[in-house]
file run-v6.txt (compact mmCIF, C-alpha atoms and all ligand atoms)
# COMPACT_ATOMS: atom_id res chain seq x y z
CA MET A 1 95.06 74.69 110.39
CA GLY A 2 98.46 75.47 108.92
CA ILE A 3 99.01 77.30 105.69
CA PHE A 4 99.86 74.01 103.96
CA SER A 5 96.42 72.51 104.63
CA ILE A 6 94.77 75.74 103.61
CA PHE A 7 96.57 75.77 100.27
CA LYS A 8 95.90 72.10 99.74
CA SER A 9 92.20 72.25 100.61
CA LYS A 10 91.47 75.44 98.72
CA LYS A 11 93.34 74.35 95.60
CA LYS A 12 94.68 77.85 95.61
CA LYS A 13 94.86 79.66 92.31
CA GLN A 14 98.38 80.69 91.51
CA ASN A 15 99.26 84.35 91.15
CA GLU A 16 100.80 84.57 87.70
CA LYS A 17 103.39 87.21 88.52
CA TYR A 18 104.72 85.26 91.48
CA ASN A 19 104.59 82.08 89.47
CA LEU A 20 106.71 83.51 86.65
CA GLY A 21 108.97 85.59 88.87
CA LEU A 22 109.90 82.71 91.12
CA HIS A 23 110.51 80.13 88.41
CA LYS A 24 114.27 80.01 89.02
CA SER A 25 113.93 79.74 92.77
CA ARG A 26 111.37 77.03 92.36
CA GLN A 27 113.99 74.90 90.65
CA THR A 28 116.28 75.09 93.68
CA LEU A 29 113.71 74.64 96.41
CA GLY A 30 111.63 72.43 94.18
CA SER A 31 114.36 69.82 94.37
CA LEU A 32 113.26 69.31 97.97
CA LYS A 33 110.30 67.36 96.69
CA LYS A 34 112.54 64.97 94.74
CA VAL A 35 114.78 64.48 97.75
CA LEU A 36 111.80 63.72 99.97
CA GLU A 37 110.39 61.32 97.39
CA SER A 38 113.63 59.44 96.94
CA ASN A 39 113.91 58.58 100.62
CA ASN A 40 111.82 55.94 102.38
CA THR A 41 112.76 56.93 105.89
CA ILE A 42 113.86 60.07 107.66
CA THR A 43 117.56 59.88 108.36
CA ASP A 44 120.34 62.30 109.28
CA ASP A 45 121.48 62.14 105.66
CA LEU A 46 118.07 63.32 104.52
CA TYR A 47 118.22 66.21 106.97
CA ASP A 48 121.68 67.11 105.66
CA GLU A 49 120.32 67.17 102.13
CA ILE A 50 117.42 69.40 103.12
CA GLU A 51 119.82 71.73 104.94
CA GLU A 52 122.07 71.94 101.90
CA ILE A 53 119.18 72.88 99.62
CA LEU A 54 118.00 75.62 101.97
CA ILE A 55 121.47 77.10 102.31
CA GLY A 56 121.83 76.90 98.52
CA ALA A 57 118.63 78.92 98.21
CA ASP A 58 120.26 81.72 100.19
CA ILE A 59 118.02 81.45 103.19
CA GLY A 60 121.19 82.11 105.16
CA VAL A 61 123.10 79.78 107.45
CA ASP A 62 121.66 81.09 110.73
CA THR A 63 118.09 81.01 109.52
CA THR A 64 118.55 77.56 108.01
CA LEU A 65 120.01 76.13 111.20
CA LYS A 66 117.17 77.59 113.22
CA PHE A 67 114.72 76.17 110.71
CA MET A 68 116.31 72.70 110.79
CA GLU A 69 115.93 72.57 114.56
CA ILE A 70 112.26 73.43 114.28
CA LEU A 71 111.77 70.85 111.54
CA LYS A 72 113.34 68.06 113.60
CA GLU A 73 111.36 69.07 116.69
CA GLN A 74 108.10 69.03 114.78
CA GLN A 75 108.87 65.69 113.15
CA ILE A 76 109.32 64.10 116.58
CA LEU A 77 106.34 65.93 118.06
CA LYS A 78 104.04 64.89 115.24
CA ASN A 79 105.54 61.43 115.09
CA ILE A 80 106.25 61.57 111.38
CA SER A 81 108.12 58.74 109.67
CA ASN A 82 107.26 59.27 106.02
CA PRO A 83 109.59 61.89 104.46
CA LEU A 84 106.79 63.21 102.23
CA GLU A 85 104.88 64.29 105.30
CA LEU A 86 107.70 66.72 105.99
CA GLN A 87 106.37 68.87 103.13
CA GLU A 88 103.62 70.18 105.34
CA ILE A 89 105.99 71.05 108.17
CA ILE A 90 108.45 72.71 105.80
CA VAL A 91 105.78 74.98 104.33
CA ASP A 92 104.10 75.77 107.64
CA GLU A 93 107.33 76.49 109.44
CA ILE A 94 108.77 78.70 106.69
CA PHE A 95 105.57 80.68 106.96
CA ASN A 96 105.87 80.88 110.74
CA LEU A 97 109.52 81.86 110.52
CA TYR A 98 108.63 84.82 108.34
CA LEU A 99 105.79 85.92 110.56
CA GLU A 100 107.71 85.43 113.80
CA GLY A 101 106.83 88.20 116.25
CA GLU A 102 107.03 90.74 113.51
CA ILE A 103 105.55 93.63 111.74
CA VAL A 104 104.26 91.76 108.72
CA ARG A 105 102.27 94.53 107.14
CA SER A 106 103.57 94.73 103.65
CA ASP A 107 101.35 97.52 102.38
CA ILE A 108 102.84 100.94 102.19
CA ASN A 109 102.12 103.86 104.56
CA TYR A 110 99.86 106.21 102.67
CA VAL A 111 97.26 108.76 103.66
CA LYS A 112 94.80 109.95 101.07
CA GLY A 113 94.67 113.73 100.81
CA ASN A 114 98.19 114.16 102.27
CA LEU A 115 101.51 114.82 100.65
CA ASN A 116 103.05 111.33 100.88
CA VAL A 117 106.83 111.29 100.59
CA TYR A 118 108.88 108.17 99.92
CA MET A 119 112.65 108.04 99.91
CA PHE A 120 114.59 105.25 98.19
CA VAL A 121 118.06 104.26 99.37
CA GLY A 122 120.46 101.42 98.67
CA VAL A 123 123.68 100.29 97.07
CA ASN A 124 124.19 101.21 93.41
CA GLY A 125 122.59 99.11 90.75
CA THR A 126 120.06 97.49 93.07
CA GLY A 127 117.05 98.87 91.20
CA LYS A 128 116.11 102.08 93.02
CA THR A 129 115.32 104.11 89.92
CA THR A 130 113.48 101.24 88.23
CA SER A 131 111.40 100.57 91.33
CA ILE A 132 110.52 104.27 91.55
CA GLY A 133 109.30 104.15 87.95
CA LYS A 134 107.20 101.08 88.65
CA LEU A 135 105.75 102.53 91.86
CA ALA A 136 105.04 105.84 90.16
CA TYR A 137 102.99 103.93 87.63
CA LYS A 138 101.10 102.14 90.42
CA PHE A 139 100.31 105.37 92.27
CA LYS A 140 99.35 107.11 89.07
CA SER A 141 97.02 104.26 88.14
CA ASP A 142 95.34 104.80 91.51
CA SER A 143 94.60 108.42 90.48
CA ASN A 144 97.36 110.10 92.48
CA LYS A 145 99.21 113.21 91.36
CA VAL A 146 102.78 111.93 91.39
CA LEU A 147 106.13 113.75 91.37
CA LEU A 148 109.57 112.18 91.03
CA ILE A 149 112.49 114.08 92.52
CA ALA A 150 115.85 113.48 90.87
CA ALA A 151 118.12 113.67 93.92
CA ASP A 152 120.74 111.37 92.42
CA THR A 153 122.75 114.26 91.05
CA PHE A 154 125.95 112.29 91.31
CA ARG A 155 125.93 109.52 88.71
CA ALA A 156 126.15 110.60 85.09
CA GLY A 157 122.91 109.80 83.31
CA ALA A 158 120.91 109.26 86.51
CA ILE A 159 118.60 112.21 85.91
CA GLU A 160 117.90 111.19 82.31
CA GLN A 161 117.15 107.66 83.43
CA LEU A 162 114.55 108.95 85.88
CA GLU A 163 113.10 111.16 83.15
CA VAL A 164 112.55 108.11 80.97
CA TRP A 165 110.62 106.47 83.81
CA ALA A 166 108.60 109.64 84.42
CA LYS A 167 107.53 109.57 80.77
CA ARG A 168 106.67 105.88 80.87
CA ALA A 169 104.58 106.30 84.01
CA ASN A 170 103.17 109.57 82.74
CA VAL A 171 104.10 111.51 85.91
CA SER A 172 106.03 114.73 86.57
CA ILE A 173 109.68 115.06 87.47
CA PHE A 174 111.58 117.74 89.38
CA LYS A 175 115.26 118.06 88.50
CA LYS A 176 118.19 120.43 88.66
CA GLU A 177 121.67 120.47 87.18
CA PRO A 178 123.85 117.37 87.72
CA GLY A 179 126.16 117.95 90.67
CA THR A 180 123.65 120.08 92.60
CA ASP A 181 123.46 119.33 96.33
CA PRO A 182 120.79 116.57 96.55
CA SER A 183 119.20 118.18 99.62
CA SER A 184 118.62 121.41 97.76
CA VAL A 185 116.92 119.49 94.94
CA ILE A 186 114.72 117.77 97.51
CA TYR A 187 113.87 121.08 99.19
CA ASP A 188 112.82 122.82 95.99
CA GLY A 189 111.02 119.74 94.68
CA LEU A 190 109.02 119.33 97.88
CA MET A 191 108.11 123.03 97.97
CA MET A 192 106.73 122.65 94.48
CA ALA A 193 104.87 119.46 95.46
CA LYS A 194 103.34 121.26 98.41
CA HIS A 195 102.21 124.28 96.44
CA GLU A 196 100.87 122.24 93.57
CA ALA A 197 99.07 119.75 95.83
CA TYR A 198 100.80 116.55 94.78
CA ASP A 199 99.69 113.34 96.51
CA VAL A 200 102.87 111.32 96.16
CA VAL A 201 106.56 112.23 95.92
CA LEU A 202 109.18 109.59 95.14
CA ILE A 203 112.77 110.62 95.82
CA ASP A 204 115.58 108.95 93.87
CA THR A 205 118.96 109.01 95.65
CA ALA A 206 122.48 108.04 94.62
CA GLY A 207 123.61 104.52 95.35
CA ARG A 208 127.27 105.11 95.90
CA LEU A 209 128.87 103.78 99.04
CA HIS A 210 131.75 106.11 99.79
CA ASN A 211 132.14 105.97 103.53
CA LYS A 212 129.66 105.53 106.28
CA VAL A 213 130.09 108.92 107.91
CA SER A 214 129.48 110.97 104.79
CA LEU A 215 126.60 108.68 103.78
CA MET A 216 125.03 109.21 107.18
CA ASN A 217 125.52 112.96 106.99
CA GLU A 218 124.01 113.16 103.54
CA LEU A 219 121.02 110.99 104.38
CA SER A 220 120.29 112.84 107.61
CA LYS A 221 120.54 116.16 105.80
CA MET A 222 117.95 114.90 103.29
CA ARG A 223 115.65 113.85 106.10
CA ARG A 224 115.97 117.21 107.82
CA VAL A 225 114.92 118.90 104.62
CA ILE A 226 111.90 116.62 104.28
CA ASP A 227 110.98 117.33 107.93
CA LYS A 228 111.32 121.02 107.38
CA VAL A 229 109.07 121.20 104.35
CA THR A 230 106.44 118.64 105.32
CA GLY A 231 106.57 118.98 109.13
CA LYS A 232 107.20 115.21 109.39
CA GLY A 233 109.63 112.62 108.08
CA PRO A 234 109.06 110.62 104.91
CA GLU A 235 106.11 108.20 105.00
CA GLU A 236 108.59 105.46 104.18
CA THR A 237 112.30 105.12 103.61
CA LEU A 238 112.65 102.06 101.45
CA LEU A 239 115.88 100.13 101.27
CA VAL A 240 116.24 98.60 97.82
CA ILE A 241 118.06 95.26 97.80
CA ASP A 242 119.07 93.19 94.77
CA ALA A 243 118.06 89.56 95.37
CA THR A 244 120.72 88.29 92.97
CA THR A 245 123.65 89.60 95.00
CA GLY A 246 123.22 86.98 97.70
CA GLN A 247 124.45 87.23 101.24
CA ASN A 248 127.22 89.74 100.45
CA GLY A 249 124.88 92.14 98.77
CA ILE A 250 122.52 92.18 101.66
CA LYS A 251 125.40 92.77 104.05
CA GLN A 252 126.35 95.87 102.09
CA ALA A 253 122.83 97.16 102.40
CA GLU A 254 123.24 96.97 106.15
CA ILE A 255 125.28 100.15 106.02
CA PHE A 256 122.27 102.00 104.66
CA LYS A 257 120.12 100.61 107.39
CA GLU A 258 122.57 101.89 109.95
CA ALA A 259 122.82 105.25 108.23
CA THR A 260 119.12 106.09 108.19
CA ASP A 261 115.72 105.07 109.54
CA VAL A 262 114.66 102.44 107.05
CA THR A 263 111.00 101.40 107.28
CA GLY A 264 110.91 98.60 104.75
CA VAL A 265 112.63 96.72 101.95
CA ILE A 266 112.03 96.49 98.23
CA LEU A 267 113.59 93.25 97.04
CA THR A 268 114.31 93.49 93.33
CA LYS A 269 115.27 90.95 90.65
CA LEU A 270 113.68 87.98 92.41
CA ASP A 271 112.96 86.78 88.87
CA GLY A 272 116.69 86.69 88.17
CA THR A 273 117.74 84.44 91.01
CA ALA A 274 117.34 80.82 91.97
CA LYS A 275 117.96 81.92 95.54
CA GLY A 276 114.57 83.24 96.52
CA GLY A 277 115.22 82.14 100.08
CA ILE A 278 116.88 85.51 100.52
CA VAL A 279 113.48 86.82 101.60
CA LEU A 280 113.84 84.88 104.85
CA ALA A 281 117.46 85.89 105.30
CA ILE A 282 116.57 89.57 105.05
CA LYS A 283 113.78 89.19 107.50
CA ASN A 284 116.08 87.43 109.92
CA LEU A 285 118.99 89.80 109.43
CA TYR A 286 117.23 93.14 109.37
CA GLN A 287 113.94 92.52 111.11
CA LEU A 288 112.39 94.70 108.42
CA PRO A 289 109.22 94.00 106.46
CA ILE A 290 109.57 93.38 102.75
CA LYS A 291 107.09 95.78 101.19
CA PHE A 292 107.48 95.09 97.49
CA VAL A 293 109.26 92.58 95.29
CA GLY A 294 110.54 93.12 91.77
CA LEU A 295 109.57 90.17 89.61
CA GLY A 296 110.71 91.44 86.22
CA GLU A 297 111.71 94.51 84.24
CA LYS A 298 108.31 95.64 82.99
CA ILE A 299 106.57 98.63 84.56
CA THR A 300 103.93 96.33 86.05
CA ASP A 301 106.48 93.92 87.54
CA LEU A 302 106.62 95.40 91.04
CA VAL A 303 104.13 93.78 93.37
CA LEU A 304 103.26 94.08 97.04
CA PHE A 305 105.06 91.37 98.90
CA ASP A 306 102.71 88.64 99.95
CA ILE A 307 104.21 85.86 102.04
CA GLU A 308 101.46 83.42 101.07
CA GLU A 309 101.96 83.97 97.34
CA TYR A 310 105.69 83.76 97.83
CA ILE A 311 105.56 80.43 99.62
CA TYR A 312 102.97 79.07 97.22
CA GLY A 313 105.12 80.18 94.29
CA LEU A 314 108.19 78.47 95.71
CA PHE A 315 106.55 75.22 96.67
CA SER A 316 103.77 74.88 94.15
CA ASP A 317 104.96 71.39 93.23
CA PHE A 318 104.16 70.32 96.81
CA PHE A 319 100.56 71.11 96.01
CA GLY A 320 100.55 69.45 92.65
CA GLY A 321 100.77 72.89 90.97
N1 LIG A 401 115.00 91.33 86.08
C1 LIG A 401 114.86 92.41 86.84
N2 LIG A 401 115.67 93.46 86.64
C2 LIG A 401 115.51 94.56 87.40
C3 LIG A 401 114.53 94.62 88.44
N3 LIG A 401 114.63 95.82 89.04
C4 LIG A 401 115.65 96.48 88.43
N4 LIG A 401 116.19 95.74 87.44
C5 LIG A 401 117.32 96.08 86.56
O1 LIG A 401 118.45 96.41 87.35
C6 LIG A 401 119.27 97.36 86.69
C7 LIG A 401 119.64 98.50 87.63
O2 LIG A 401 118.48 99.22 87.97
P1 LIG A 401 118.47 100.74 88.41
O3 LIG A 401 117.06 101.08 88.69
O4 LIG A 401 119.20 101.58 87.47
O5 LIG A 401 119.28 100.67 89.77
P2 LIG A 401 119.69 101.87 90.76
O6 LIG A 401 119.65 101.31 92.14
O7 LIG A 401 118.86 103.06 90.50
O8 LIG A 401 121.20 102.11 90.33
P3 LIG A 401 122.12 103.41 90.64
O9 LIG A 401 121.31 104.60 90.28
O10 LIG A 401 123.31 103.22 89.78
O11 LIG A 401 122.47 103.35 92.09
C8 LIG A 401 118.47 97.80 85.46
O12 LIG A 401 119.00 97.15 84.35
C9 LIG A 401 117.06 97.31 85.75
O13 LIG A 401 116.33 97.01 84.58
C10 LIG A 401 113.68 93.45 88.64
O14 LIG A 401 112.82 93.37 89.52
N5 LIG A 401 113.90 92.39 87.80
MG MG A 402 119.38 105.02 90.08

call {"tool": "encode", "arguments": {"input": "run-v6.txt", "output": "structure tokens"}}
result
Amino acid sequence: MGIFSIFKSKKKKQNEKYNLGLHKSRQTLGSLKKVLESNNTITDDLYDEIEEILIGADIGVDTTLKFMEILKEQQILKNISNPLELQEIIVDEIFNLYLEGEIVRSDINYVKGNLNVYMFVGVNGTGKTTSIGKLAYKFKSDSNKVLLIAADTFRAGAIEQLEVWAKRANVSIFKKEPGTDPSSVIYDGLMMAKHEAYDVVLIDTAGRLHNKVSLMNELSKMRRVIDKVTGKGPEETLLVIDATTGQNGIKQAEIFKEATDVTGVILTKLDGTAKGGIVLAIKNLYQLPIKFVGLGEKITDLVLFDIEEYIYGLFSDFFGG
């Protein structure tokens, strides 16, 4: 049974955060339903319209073309002539496309009783600091002792911004003077975390993109420091990507992926875009799991990525939702 039938038969209850956070994207992809309804037969024109909507939702040209091939294949295979029956194939195949031969685990690497270190990287303004604040709150709510390390010593105001989040989440922060070498802040912060038996350390880094070589050098220096203090690398290095920046934005983030060992993606501002298809583009482009999505600006608006909730949120009108 495909995911479509499961949703349909279970009359799945909608996750409110996904429902609200995806309302803009639902308007774009939701127009698929109207297009399917307004056609009596399946024609090349209908396929062109579907393709246009998917590209407009930022699924990415390559992924869309791949998807369209699958859709046409399945239509022939299943002998479908009523356009509305394509709904089921669309939903099932988007699901399959995301899962394709992949690490789909979206939960975060975490070992109770250990010092768990998470590093956040990405282009400036993508939502690194905000996501750290939200995650700190999550970890704290799960009874962890949490420390934020202010290793963005570059941008004016960055340390203060992290302090505000530390207060909101009611967690500790380790900071030094602006302009200090980020690796030395990380070293001292981690030493403190080790001695004071913290469970979780979240490291904020600067988002500037100067040039690739110096970015690489700086990020590998940070990792060496983490290795040295903890005897292992970070549990996760999370690449933070802004969903509203579209295909160009995600291309920029590629530099970070090349510069360091990224283990997963946090996709922020999904609530601010009608182009929620970017989830599939990232998967296709980076072959990285999306671990969390930002669905708003409140401290509780960062949720574990769940492909089923995502697809249900996008296509709820297919299910009469
Ligand atoms: N609507 C919405 N806004 C978000 C989300 N995540 C972050 N933002 C906003 O995005 C803006 C930038 O966020 P920051 O956390 O400062 O981004 P950053 O990556 O730390 O930026 P730099 O430190 O300059 O590199 C802020 O105004 C946040 O409120 C989200 O999921 N939804
Ligand atoms: Mg920041």

call {"tool": "axis_aligned_box", "arguments": {"input": "run-v6.txt", "around": "segment 274-277 of chain A", "padding_each_side": "5 Å", "output": "AutoDock Vina command-line options"}}
result
--center_x 116.3 --center_y 82.0 --center_z 96.0 --size_x 13.4 --size_y 12.4 --size_z 18.1

call {"tool": "residues_around", "arguments": {"input": "run-v6.txt", "residues": "Leu288 of chain A", "least_positions_apart": "6", "cutoff": "8 Å", "atoms": "only C-alpha atoms", "output": "PyMOL selection string"}}
result
chain A and resi 103+263-265+282

call {"tool": "closest_residue", "arguments": {"input": "run-v6.txt", "among": "A:Ala156, A:Ile266, A:Leu280, A:Ala253", "to": "ligand MG 402 (chain A)", "atoms": "all atoms listed in the file"}}
result
A:Ala156

call {"tool": "residues_near_ligand", "arguments": {"input": "run-v6.txt", "ligand": "ligand LIG 401 (chain A)", "cutoff": "7 Å", "atoms": "all atoms listed in the file", "output": "PyMOL selection string"}}
result
chain A and resi 122-131+155+158+206-208+268-272+293-297+301-302

call {"tool": "residues_around", "arguments": {"input": "run-v6.txt", "residues": "segment 136-150 of chain A", "least_positions_apart": "3", "cutoff": "6 Å", "atoms": "all atoms listed in the file", "output": "ChimeraX atom specification"}}
result
/A:132-133,159,169,171-175,198-204

call {"tool": "residues_around", "arguments": {"input": "run-v6.txt", "residues": "segment 16-28 of chain A", "least_positions_apart": "3", "cutoff": "7 Å", "atoms": "only C-alpha atoms", "output": "tab-separated table (two decimals) with C-alpha atoms, in the coordinates of the input"}}
result
chain	number	residue	atom	x	y	z
A	31	SER	CA	114.36	69.82	94.37
A	53	ILE	CA	119.18	72.88	99.62
A	57	ALA	CA	118.63	78.92	98.21
A	270	LEU	CA	113.68	87.98	92.41
A	271	ASP	CA	112.96	86.78	88.87
A	273	THR	CA	117.74	84.44	91.01
A	274	ALA	CA	117.34	80.82	91.97
A	275	LYS	CA	117.96	81.92	95.54
A	276	GLY	CA	114.57	83.24	96.52
A	295	LEU	CA	109.57	90.17	89.61
A	296	GLY	CA	110.71	91.44	86.22
A	309	GLU	CA	101.96	83.97	97.34
A	310	TYR	CA	105.69	83.76	97.83
A	313	GLY	CA	105.12	80.18	94.29
A	314	LEU	CA	108.19	78.47	95.71
A	315	PHE	CA	106.55	75.22	96.67

call {"tool": "closest_residue", "arguments": {"input": "run-v6.txt", "among": "A:Gln247, A:Asn116, A:Thr205, A:Ser214", "to": "ligand MG 402 (chain A)", "atoms": "only C-alpha atoms and all ligand atoms"}}
result
A:Thr205

call {"tool": "decode", "arguments": {"input": "run-v6.txt", "residues": "segment 71-82 of chain A", "atoms": "N, CA and C atoms", "output": "compact mmCIF listing (two decimals), in the first residue's frame"}}
result
# COMPACT_ATOMS: atom_id res chain seq x y z
N LEU A 71 6.21 9.62 -13.25
CA LEU A 71 4.76 9.82 -13.28
C LEU A 71 4.15 9.24 -14.56
N LYS A 72 4.78 9.56 -15.68
CA LYS A 72 4.26 9.07 -16.97
C LYS A 72 4.34 7.54 -17.05
N GLU A 73 5.45 7.01 -16.58
CA GLU A 73 5.65 5.55 -16.57
C GLU A 73 4.54 4.86 -15.77
N GLN A 74 4.30 5.41 -14.58
CA GLN A 74 3.31 4.82 -13.68
C GLN A 74 1.90 4.93 -14.25
N GLN A 75 1.64 6.05 -14.92
CA GLN A 75 0.31 6.24 -15.51
C GLN A 75 0.03 5.15 -16.54
N ILE A 76 1.04 4.87 -17.36
CA ILE A 76 0.89 3.83 -18.39
C ILE A 76 0.78 2.46 -17.73
N LEU A 77 1.69 2.22 -16.79
CA LEU A 77 1.73 0.93 -16.09
C LEU A 77 0.40 0.62 -15.40
N LYS A 78 -0.17 1.64 -14.78
CA LYS A 78 -1.40 1.43 -14.01
C LYS A 78 -2.64 1.70 -14.85
N ASN A 79 -2.39 2.03 -16.12
CA ASN A 79 -3.49 2.21 -17.05
C ASN A 79 -4.50 3.26 -16.57
N ILE A 80 -3.98 4.41 -16.21
CA ILE A 80 -4.83 5.46 -15.67
C ILE A 80 -5.26 6.43 -16.76
N SER A 81 -6.57 6.74 -16.80
CA SER A 81 -7.01 7.71 -17.80
C SER A 81 -7.67 8.93 -17.16
N ASN A 82 -8.08 8.79 -15.91
CA ASN A 82 -8.70 9.91 -15.22
C ASN A 82 -7.62 10.75 -14.50
